[in-house]
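Chemist: Please find structure-v4.cif (mmCIF, C-alpha atoms) on the next line:
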```
data_structure
loop_
_atom_site.label_atom_id
_atom_site.label_comp_id
_atom_site.auth_asym_id
_atom_site.auth_seq_id
_atom_site.Cartn_x
_atom_site.Cartn_y
_atom_site.Cartn_z
CA MET S 1 0.00 0.00 0.00
CA ALA S 2 1.33 3.40 -0.99
CA ALA S 3 2.56 5.67 1.75
CA ARG S 4 0.12 8.41 2.59
CA LYS S 5 1.04 11.93 1.65
CA GLY S 6 -0.05 15.29 2.99
CA GLY S 7 -2.81 17.41 1.53
CA LEU S 8 -5.37 16.25 -1.00
CA GLY S 9 -3.10 13.66 -2.57
CA LYS S 10 -3.65 11.32 0.36
CA GLY S 11 -7.33 11.18 -0.49
CA LEU S 12 -6.59 9.77 -3.92
CA ASP S 13 -3.98 7.40 -2.56
CA ALA S 14 -6.53 5.99 -0.14
CA LEU S 15 -9.34 5.77 -2.66
CA ILE S 16 -7.51 4.11 -5.56
CA PRO S 17 -6.49 0.52 -4.84
CA GLY S 18 -2.91 -0.42 -5.55
CA ASP S 19 0.47 1.24 -5.30
CA PHE S 20 -0.48 4.60 -6.79
CA SER S 21 0.15 8.21 -5.85
CA TYR S 22 -1.71 10.90 -7.74
CA SER S 23 0.58 13.56 -6.36
CA GLU S 24 3.51 12.31 -8.39
CA ALA S 25 4.01 11.71 -12.12
CA THR S 26 2.64 8.27 -12.94
CA ALA S 27 3.47 6.03 -15.87
CA ALA S 28 0.43 5.22 -18.03
CA ASP S 29 -0.83 1.64 -18.17
CA SER S 30 -1.75 1.99 -21.84
CA MET S 31 -2.91 4.30 -24.61
CA VAL S 32 -6.67 4.31 -25.15
CA SER S 33 -8.74 5.72 -27.98
CA THR S 34 -10.57 8.89 -26.99
CA GLU S 35 -13.69 7.43 -28.65
CA ASN S 36 -13.69 4.57 -26.14
CA ILE S 37 -13.71 6.81 -23.05
CA ILE S 38 -17.12 7.80 -21.71
CA PRO S 39 -17.82 10.52 -19.11
CA ASN S 40 -17.91 9.78 -15.42
CA PRO S 41 -21.61 9.85 -14.43
CA ARG S 42 -20.41 11.10 -11.04
CA GLN S 43 -18.50 14.06 -12.51
CA PRO S 44 -19.33 17.04 -10.25
CA ARG S 45 -18.37 19.73 -12.77
CA ASP S 46 -21.31 21.11 -14.78
CA SER S 47 -19.35 23.34 -17.15
CA MET S 48 -15.89 24.29 -18.35
CA ASN S 49 -14.39 27.67 -19.13
CA PRO S 50 -13.79 27.71 -22.92
CA ASP S 51 -10.72 29.93 -22.63
CA ASP S 52 -9.13 27.68 -19.98
CA LEU S 53 -9.90 24.63 -22.12
CA GLN S 54 -8.26 26.24 -25.15
CA ASP S 55 -5.18 27.11 -23.07
CA LEU S 56 -4.93 23.49 -21.96
CA ALA S 57 -5.35 22.32 -25.56
CA ASN S 58 -2.50 24.58 -26.65
CA SER S 59 -0.30 23.16 -23.87
CA ILE S 60 -1.14 19.59 -24.88
CA ARG S 61 -0.40 20.38 -28.52
CA GLU S 62 3.01 21.67 -27.46
CA HIS S 63 3.98 19.25 -24.69
CA GLY S 64 1.54 16.34 -24.84
CA ILE S 65 -0.42 14.97 -21.87
CA ILE S 66 1.99 14.80 -18.93
CA GLN S 67 -0.41 13.40 -16.31
CA PRO S 68 -2.32 10.28 -17.52
CA LEU S 69 -6.08 10.14 -17.18
CA ILE S 70 -7.54 7.77 -14.59
CA VAL S 71 -10.18 5.37 -15.89
CA THR S 72 -12.00 2.17 -15.04
CA HIS S 73 -12.55 -0.59 -17.59
CA GLU S 74 -16.08 -1.72 -18.32
CA PRO S 75 -16.19 -5.55 -18.29
CA MET S 76 -16.64 -7.38 -21.59
CA SER S 77 -16.16 -4.25 -23.70
CA ASP S 78 -13.62 -1.78 -25.05
CA THR S 79 -15.22 1.03 -23.07
CA TYR S 80 -13.53 2.95 -20.26
CA VAL S 81 -15.24 5.22 -17.73
CA LEU S 82 -13.35 8.40 -16.96
CA ILE S 83 -12.65 8.98 -13.26
CA ALA S 84 -10.22 11.88 -13.37
CA GLY S 85 -9.06 14.02 -16.27
CA GLU S 86 -12.22 15.45 -17.86
CA ARG S 87 -10.50 18.66 -18.98
CA ARG S 88 -7.50 16.79 -20.37
CA LEU S 89 -9.80 14.48 -22.35
CA GLN S 90 -11.82 17.36 -23.81
CA ALA S 91 -8.63 19.29 -24.64
CA ALA S 92 -7.12 16.20 -26.28
CA ARG S 93 -10.21 15.86 -28.47
CA LEU S 94 -9.97 19.56 -29.28
CA VAL S 95 -6.38 19.05 -30.44
CA GLY S 96 -7.39 15.99 -32.44
CA LEU S 97 -5.51 13.30 -30.52
CA ASP S 98 -6.71 9.79 -31.34
CA LYS S 99 -5.34 8.20 -28.16
CA VAL S 100 -4.52 9.38 -24.65
CA PRO S 101 -2.41 7.84 -21.85
CA VAL S 102 -4.46 6.28 -19.05
CA VAL S 103 -4.00 4.58 -15.71
CA ILE S 104 -6.60 1.83 -15.29
CA ARG S 105 -8.02 1.35 -11.82
CA THR S 106 -11.00 -0.30 -10.12
CA ALA S 107 -13.45 1.99 -8.33
CA THR S 108 -16.93 1.88 -6.83
CA ASP S 109 -19.58 4.53 -7.55
CA GLN S 110 -18.62 6.30 -4.34
CA GLN S 111 -14.95 6.25 -5.24
CA ARG S 112 -15.71 7.61 -8.71
CA LEU S 113 -17.48 10.60 -7.19
CA GLU S 114 -14.80 11.14 -4.56
CA LEU S 115 -11.95 10.89 -7.05
CA ALA S 116 -13.56 13.28 -9.51
CA LEU S 117 -14.32 15.71 -6.70
CA ILE S 118 -10.81 15.54 -5.25
CA GLU S 119 -9.18 16.08 -8.62
CA ASN S 120 -11.34 19.11 -9.31
CA VAL S 121 -10.70 20.54 -5.85
CA GLN S 122 -6.97 20.04 -6.38
CA ARG S 123 -7.12 21.95 -9.64
CA ALA S 124 -9.65 24.55 -8.36
CA ASP S 125 -11.90 23.66 -11.29
CA LEU S 126 -15.28 23.60 -9.53
CA SER S 127 -17.52 26.55 -8.79
CA PRO S 128 -18.68 26.91 -5.17
CA LEU S 129 -22.12 25.52 -6.05
CA GLU S 130 -20.68 22.58 -7.97
CA THR S 131 -18.51 21.80 -4.96
CA ALA S 132 -21.50 22.13 -2.63
CA GLU S 133 -23.58 19.78 -4.78
CA ALA S 134 -20.79 17.22 -4.87
CA TYR S 135 -20.51 17.38 -1.08
CA ARG S 136 -24.29 16.89 -0.84
CA LYS S 137 -24.10 13.77 -3.00
CA LEU S 138 -21.39 12.32 -0.78
CA ALA S 139 -23.49 13.06 2.28
CA ASP S 140 -26.87 11.90 0.96
CA GLU S 141 -25.98 9.00 -1.31
CA PHE S 142 -23.11 7.53 0.70
CA ASN S 143 -24.08 8.62 4.20
CA LEU S 144 -20.82 10.48 4.86
CA SER S 145 -20.62 13.04 7.64
CA HIS S 146 -19.25 16.51 6.98
CA GLU S 147 -16.12 15.53 8.87
CA GLU S 148 -15.62 12.43 6.69
CA ILE S 149 -16.10 14.51 3.54
CA ALA S 150 -13.58 17.05 4.82
CA ILE S 151 -10.97 14.35 5.40
CA ARG S 152 -11.44 12.95 1.90
CA VAL S 153 -11.08 16.28 0.10
CA GLY S 154 -8.46 17.81 2.38
CA LYS S 155 -10.66 20.64 3.64
CA GLY S 156 -11.73 21.66 7.13
CA ARG S 157 -15.10 20.45 8.38
CA VAL S 158 -16.31 24.02 8.86
CA ALA S 159 -15.40 24.86 5.25
CA VAL S 160 -17.38 21.86 3.98
CA THR S 161 -20.43 22.79 6.05
CA ASN S 162 -20.32 26.45 5.00
CA THR S 163 -20.00 25.52 1.32
CA MET S 164 -22.97 23.15 1.53
CA ARG S 165 -25.09 25.93 3.02
CA LEU S 166 -24.90 27.73 -0.35
CA LEU S 167 -27.43 25.21 -1.67
CA LYS S 168 -30.03 26.96 0.51
CA LEU S 169 -29.74 30.20 -1.48
CA PRO S 170 -32.69 31.23 -3.70
CA ASP S 171 -32.29 30.42 -7.39
CA GLN S 172 -31.59 34.03 -8.39
CA ALA S 173 -28.70 34.20 -5.93
CA LYS S 174 -27.36 30.86 -7.17
CA LYS S 175 -27.49 32.19 -10.73
CA ALA S 176 -25.57 35.32 -9.71
CA LEU S 177 -22.98 33.15 -7.98
CA ILE S 178 -22.57 30.92 -11.05
CA GLU S 179 -22.19 33.95 -13.31
CA GLY S 180 -19.57 35.46 -11.00
CA LYS S 181 -21.68 38.49 -10.12
CA ILE S 182 -21.37 37.67 -6.43
CA SER S 183 -18.82 35.61 -4.52
CA GLU S 184 -19.16 32.74 -2.09
CA GLY S 185 -18.73 35.28 0.73
CA HIS S 186 -21.71 37.28 -0.54
CA GLY S 187 -23.76 34.11 -0.66
CA ARG S 188 -22.93 33.14 2.91
CA ALA S 189 -23.82 36.65 4.08
CA LEU S 190 -27.22 36.50 2.34
CA LEU S 191 -28.05 33.36 4.28
CA GLY S 192 -28.04 35.48 7.42
CA LEU S 193 -31.42 36.93 6.40
CA PRO S 194 -34.49 35.02 7.61
CA THR S 195 -36.65 34.94 4.46
CA MET S 196 -36.14 34.34 0.75
CA GLN S 197 -37.68 37.71 -0.14
CA ALA S 198 -35.29 39.51 2.21
CA GLN S 199 -32.39 37.66 0.59
CA LEU S 200 -33.58 38.61 -2.90
CA ASN S 201 -33.97 42.26 -1.93
CA ALA S 202 -30.46 42.30 -0.47
CA LEU S 203 -29.13 40.56 -3.58
CA GLN S 204 -30.53 43.32 -5.77
CA THR S 205 -28.86 45.94 -3.58
CA ILE S 206 -25.53 44.09 -3.80
CA LEU S 207 -25.73 43.98 -7.60
CA ASN S 208 -26.93 47.56 -8.02
CA GLN S 209 -24.31 49.04 -5.69
CA ASP S 210 -21.51 46.56 -6.42
CA LEU S 211 -21.04 45.90 -2.70
CA THR S 212 -18.01 44.11 -1.31
CA VAL S 213 -18.44 41.14 1.02
CA ARG S 214 -17.74 43.32 4.06
CA GLN S 215 -20.26 45.91 2.90
CA THR S 216 -22.75 43.12 2.32
CA GLU S 217 -22.28 41.80 5.84
CA GLU S 218 -22.93 45.32 7.18
CA LEU S 219 -26.06 45.54 5.02
CA ILE S 220 -27.33 42.25 6.40
CA ARG S 221 -26.87 43.52 9.96
CA LYS S 222 -28.78 46.71 9.16
CA LEU S 223 -31.60 44.67 7.64
CA GLY S 224 -31.96 42.74 10.86
CA GLY S 225 -30.10 39.65 9.82
CA GLN S 226 -27.05 38.10 11.34
CA LYS S 227 -23.69 37.15 9.99
CA PRO S 228 -23.76 33.35 9.75
CA PRO S 229 -22.04 32.14 12.92
CA ALA S 230 -18.81 30.26 12.52
CA ILE S 231 -19.21 26.61 13.41
CA PRO S 232 -16.72 25.89 16.18
CA ALA S 233 -14.34 23.05 15.55
CA LYS S 234 -14.87 20.18 17.91
CA GLU S 235 -12.01 19.98 20.38
CA VAL S 236 -10.22 16.67 20.48
CA ASP S 237 -8.61 15.40 23.65
CA PRO S 238 -4.83 15.40 23.03
CA SER S 239 -4.49 11.93 24.56
CA VAL S 240 -7.22 10.59 22.27
CA LYS S 241 -5.52 12.23 19.27
CA GLU S 242 -2.21 10.63 20.23
CA ILE S 243 -3.81 7.18 20.42
CA GLU S 244 -5.46 7.72 17.02
CA GLU S 245 -2.13 8.69 15.47
CA ARG S 246 -0.39 5.66 16.95
CA LEU S 247 -3.09 3.36 15.63
CA CYS S 248 -2.97 5.03 12.22
CA GLU S 249 0.80 4.54 12.07
CA LYS S 250 0.50 0.92 13.19
CA LEU S 251 -2.30 -0.07 10.82
CA GLY S 252 -1.41 2.18 7.90
CA THR S 253 -4.91 3.63 7.57
CA ARG S 254 -7.21 6.17 9.18
CA VAL S 255 -8.46 5.28 12.66
CA THR S 256 -10.94 7.32 14.73
CA LEU S 257 -11.48 6.97 18.45
CA LYS S 258 -14.59 8.16 20.29
CA HIS S 259 -14.07 8.05 24.04
CA GLY S 260 -16.69 8.61 26.71
CA GLN S 261 -17.10 8.12 30.44
CA LYS S 262 -18.59 4.65 30.01
CA GLY S 263 -16.47 3.46 27.11
CA GLY S 264 -16.19 4.28 23.46
CA THR S 265 -15.59 3.01 19.95
CA VAL S 266 -12.60 2.52 17.67
CA THR S 267 -13.34 2.83 13.94
CA ILE S 268 -10.84 1.51 11.41
CA HIS S 269 -11.36 2.88 7.89
CA TYR S 270 -10.49 1.05 4.68
CA TYR S 271 -11.09 1.99 1.05
CA SER S 272 -10.70 -1.22 -0.95
CA GLU S 273 -10.95 -4.99 -0.59
CA GLU S 274 -7.17 -5.19 -0.87
CA GLU S 275 -6.72 -2.79 2.03
CA LEU S 276 -9.26 -4.71 4.11
CA SER S 277 -7.38 -7.95 3.52
CA GLY S 278 -4.16 -6.28 4.63
CA LEU S 279 -5.80 -5.01 7.80
CA LEU S 280 -7.21 -8.43 8.63
CA SER S 281 -3.81 -10.04 8.20
CA ARG S 282 -2.36 -7.55 10.70
CA LEU S 283 -5.17 -7.88 13.22
CA ILE S 284 -5.73 -11.64 12.88
CA PRO S 285 -2.33 -13.16 12.02
CA GLY S 286 -2.28 -16.71 10.75
#
```
How would this structure read if it were set down as structure tokens?
Modeler:
Amino acid sequence: MAARKGGLGKGLDALIPGDFSYSEATAADSMVSTENIIPNPRQPRDSMNPDDLQDLANSIREHGIIQPLIVTHEPMSDTYVLIAGERRLQAARLVGLDKVPVVIRTATDQQRLELALIENVQRADLSPLETAEAYRKLADEFNLSHEEIAIRVGKGRVAVTNTMRLLKLPDQAKKALIEGKISEGHGRALLGLPTMQAQLNALQTILNQDLTVRQTEELIRKLGGQKPPAIPAKEVDPSVKEIEERLCEKLGTRVTLKHGQKGGTVTIHYYSEEELSGLLSRLIPG
């Protein structure tokens, strides 16, 4: 099992079975026809910036594809499902490449969503609402807590929760956010108002007067709203944290410990059948 690395790369290392590190250049398993690669149904990105795509196409025309795409192979066919590398694939097609380098891996539906999300977060390719929707899918479809999502994408739990709150904005505010007329900070401030109509009225003021985020927060206070309170990070007992770290080091995977007055639980996380087998061999030798 590959050694875990800091930052978002560790999420991909944990999610893709085998000795693979996304954070380093990886040799391709093979060259695959672009016609045989189909989109990831779990792709969180809804759109691409045409100018950015053209820039990437120009780079690929000059230097080729440096980082292979990650795909899964559909059984009994020549079809591959794209997990990571949507922009590279589209740019390659724009250039006219017949084949692209790929790394072939096995992944569940949950892993496909997580991998696509992590790659886009790494490359800052998703809009705030696209990120929020991807987080929601992880929470609703795979029953992940905000803390578990945060660990997978390398963000803080508070950041994940605050981003997901953007889904509560009225449609007009979401549209303004998508079009870049307001920022994520504006959106969070609007949520401090109690009704949709109040939020829409404030949105119109923001757009008409080109208010900054700080000015928007002041406006919300004057309108009787409140700045959305920061969600305090849950304090972890240093001794519990130390035990978790020792267990993580010993088992080579994430371990969480919940300790109470009358006992507690130890949760050992694994992300593939191969990793589970390795854990069982350590815990139950022979």
Chemist: Given the file shown, enumerate the residues that the PyMOL selection byres ((chain S and resi 29) around 12) captures and present them as a list in words.
Modeler: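 When the PyMOL selection byres ((chain S and resi 29) around 12) is applied to the shown file, the picked residues are Phe20, Thr26, Ala27, Ala28, Ser30, Met31, Val32, Gln67, Pro68, Leu69, Ile70, Val71, Thr72, His73, Val100, Pro101, Val102, Val103, Ile104 and Arg105 of chain S.
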Chemist: What does the file look like for those residues with C-alpha atoms, as a PDB file, in the frame of the given file?
Modeler:
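Below is the file out_29.pdb, written as the result:
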```
ATOM      1  CA  PHE S  20      -0.480   4.600  -6.790  1.00  0.00           C
ATOM      2  CA  THR S  26       2.640   8.270 -12.940  1.00  0.00           C
ATOM      3  CA  ALA S  27       3.470   6.030 -15.870  1.00  0.00           C
ATOM      4  CA  ALA S  28       0.430   5.220 -18.030  1.00  0.00           C
ATOM      5  CA  SER S  30      -1.750   1.990 -21.840  1.00  0.00           C
ATOM      6  CA  MET S  31      -2.910   4.300 -24.610  1.00  0.00           C
ATOM      7  CA  VAL S  32      -6.670   4.310 -25.150  1.00  0.00           C
ATOM      8  CA  GLN S  67      -0.410  13.400 -16.310  1.00  0.00           C
ATOM      9  CA  PRO S  68      -2.320  10.280 -17.520  1.00  0.00           C
ATOM     10  CA  LEU S  69      -6.080  10.140 -17.180  1.00  0.00           C
ATOM     11  CA  ILE S  70      -7.540   7.770 -14.590  1.00  0.00           C
ATOM     12  CA  VAL S  71     -10.180   5.370 -15.890  1.00  0.00           C
ATOM     13  CA  THR S  72     -12.000   2.170 -15.040  1.00  0.00           C
ATOM     14  CA  HIS S  73     -12.550  -0.590 -17.590  1.00  0.00           C
ATOM     15  CA  VAL S 100      -4.520   9.380 -24.650  1.00  0.00           C
ATOM     16  CA  PRO S 101      -2.410   7.840 -21.850  1.00  0.00           C
ATOM     17  CA  VAL S 102      -4.460   6.280 -19.050  1.00  0.00           C
ATOM     18  CA  VAL S 103      -4.000   4.580 -15.710  1.00  0.00           C
ATOM     19  CA  ILE S 104      -6.600   1.830 -15.290  1.00  0.00           C
ATOM     20  CA  ARG S 105      -8.020   1.350 -11.820  1.00  0.00           C
TER      21      ARG S 105
END
```
Chemist: Counting only C-alpha atoms, note down every residue that has an atom within 8 Å of the point (-21.4, 29.4, -9.5) (file coordinates), as number ranges by chain.
Modeler: S: 127-130, 174-180
Chemist: For atom CA of S:Leu115 and atom CA of S:Ile83, quote the distance in Å rounded to one decimal.
Modeler: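 Atom CA of S:Leu115 sits 6.5 Å away from atom CA of S:Ile83.
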Chemist: To test the calculation: enclose all listed atoms of stretch 146-163 of chain S in a box whose edges run along x, y and z, add 5 Å on each side, then state centre and edge lengths in Å to one decimal, as AutoDock Vina command-line options.
Modeler:
```
--center_x -14.4 --center_y 19.4 --center_z 4.5 --size_x 22.0 --size_y 24.0 --size_z 18.8
```
Chemist: Expressed in Å to a single decimal, how great is the separation between atom CA of S:Ser183 and atom CA of S:Lys137?
Modeler: 22.5 Å
Chemist: One decimal, in Å: what's the spacing between atom CA of S:Gly154 and atom CA of S:Thr256?
Modeler: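 Separation between atom CA of S:Gly154 and atom CA of S:Thr256: 16.4 Å.
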Chemist: Which residues are close to S:Met164, i.e. within 7 Å by all atoms listed in the file, leaving aside same-chain residues fewer than 6 positions away? Reply as a PyMOL selection string.
Modeler: chain S and resi 132+135-136
Chemist: Go through S:Gln215, S:Gln172, S:Thr163, S:Asn208 and flag the residue nearest S:Met196, using all atoms listed in the file for the distances.
Modeler: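 For S:Met196, the nearest of the given residues is S:Gln172.
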Chemist: Which residue, S:Ala57, S:Leu207, S:Leu276, S:Ala139, has the smallest gap to S:Val160 when you use all atoms listed in the file?
Modeler: S:Ala139
Chemist: With all atoms listed in the file as the atoms that count, which of S:Ala92, S:Ile220, S:Leu82, S:Leu279 lies nearest to S:Ile65?
Modeler: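 Ranked by minimum distance to S:Ile65, first place goes to S:Ala92.
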Chemist: For this file, the PyMOL selection byres ((chain S and resi 91) around 9) selects which residues, as a list in words?
Modeler: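 Evaluating the PyMOL selection byres ((chain S and resi 91) around 9) on these coordinates yields Leu53, Gln54, Asp55, Leu56, Ala57, Asn58, Ile60, Glu86, Arg87, Arg88, Leu89, Gln90, Ala92, Arg93, Leu94, Val95, Gly96 and Leu97 of chain S.
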Chemist: Output C-alpha atoms of each residue in that selection to a file, as a CSV table (one decimal), keeping the file's coordinate frame.
Modeler:
```
chain,number,residue,atom,x,y,z
S,53,LEU,CA,-9.9,24.6,-22.1
S,54,GLN,CA,-8.3,26.2,-25.2
S,55,ASP,CA,-5.2,27.1,-23.1
S,56,LEU,CA,-4.9,23.5,-22.0
S,57,ALA,CA,-5.4,22.3,-25.6
S,58,ASN,CA,-2.5,24.6,-26.6
S,60,ILE,CA,-1.1,19.6,-24.9
S,86,GLU,CA,-12.2,15.4,-17.9
S,87,ARG,CA,-10.5,18.7,-19.0
S,88,ARG,CA,-7.5,16.8,-20.4
S,89,LEU,CA,-9.8,14.5,-22.4
S,90,GLN,CA,-11.8,17.4,-23.8
S,92,ALA,CA,-7.1,16.2,-26.3
S,93,ARG,CA,-10.2,15.9,-28.5
S,94,LEU,CA,-10.0,19.6,-29.3
S,95,VAL,CA,-6.4,19.0,-30.4
S,96,GLY,CA,-7.4,16.0,-32.4
S,97,LEU,CA,-5.5,13.3,-30.5
```
Chemist: Determine the nearest neighbour of S:Leu166 from the options S:Pro238, S:Gly224, S:Gly192, S:Gly187, counting all atoms listed in the file.
Modeler: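 Of S:Pro238, S:Gly224, S:Gly192, S:Gly187, the one nearest S:Leu166, counting all atoms listed in the file, is S:Gly187.
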